[in-house]
Amino acid sequence: MSAVRIPPVLRTATGGQKQVQVAGDTVGEVLSGLASAYPSLATQVLTPDGDINRFVNVYLNDTDVRHLQALSTPVEERDTLLLLPAMAGGCACAGACSCSTATDICACPERAPAG
């Protein structure tokens with residue numbers, strides 16, 4: 001089983017556990033197992049298609065899996081996966097417009113772009 005380190009922002013889904021053990025031979029299998037064991041993490045970690053959510057970075061032993069083989073990256077028993085949700089800024093006008101929080105672009109004509 002591989003260790004999956006859970007950041008504080010996601011620990012409520014694991015009952016406060018900082019680290020959980022999940023079986024799997026690839027990153028994809030481990031993440032699927034994690035989503036099965038902790039269903040409230042499923043939508044936060046994986047897309048409906050089973051890909052890694054674009055707002056979550058997954059590291060295998062300190063290397064972003066997107067720079068390896070992504071979900072197909074092999075994992076060993078002693079490996080550690082780290083989930084790291086992306087942090088983003090907000091709109092310069094606190095959401096009183098049609099801003100895109102995904103891209104941090106403020107669409108208000110009176111405001112400068114957030115950033």
# chains A, B, ... in the order shown; residues from 1 in each chain; ligands from 1
call {"tool": "residues_around", "arguments": {"residues": "Asp64 of chain A", "least_positions_apart": "2", "cutoff": "12 Å", "atoms": "only C-alpha atoms", "output": "PyMOL selection string"}}
result
chain A and resi 27+52+56-62+66-71+73+80-84
call {"tool": "atom_distance", "arguments": {"atom1": "atom CA of Arg5 of chain A", "atom2": "atom CA of Val20 of chain A"}}
result
6.6 Å
call {"tool": "atom_distance", "arguments": {"atom1": "atom CA of Arg11 of chain A", "atom2": "atom CA of Val65 of chain A"}}
result
21.4 Å
call {"tool": "residues_around", "arguments": {"residues": "Asn53 of chain A", "least_positions_apart": "3", "cutoff": "8 Å", "atoms": "only C-alpha atoms", "output": "VMD selection string"}}
result
chain A and resid 43 to 47 56
call {"tool": "closest_residue", "arguments": {"among": "A:Thr26, A:Gln19, A:Thr63, A:Thr12", "to": "Pro39 of chain A", "atoms": "only C-alpha atoms"}}
result
A:Thr12
call {"tool": "closest_residue", "arguments": {"among": "A:Ala35, A:Pro48, A:Glu77, A:Leu41", "to": "Pro7 of chain A", "atoms": "only C-alpha atoms"}}
result
A:Leu41
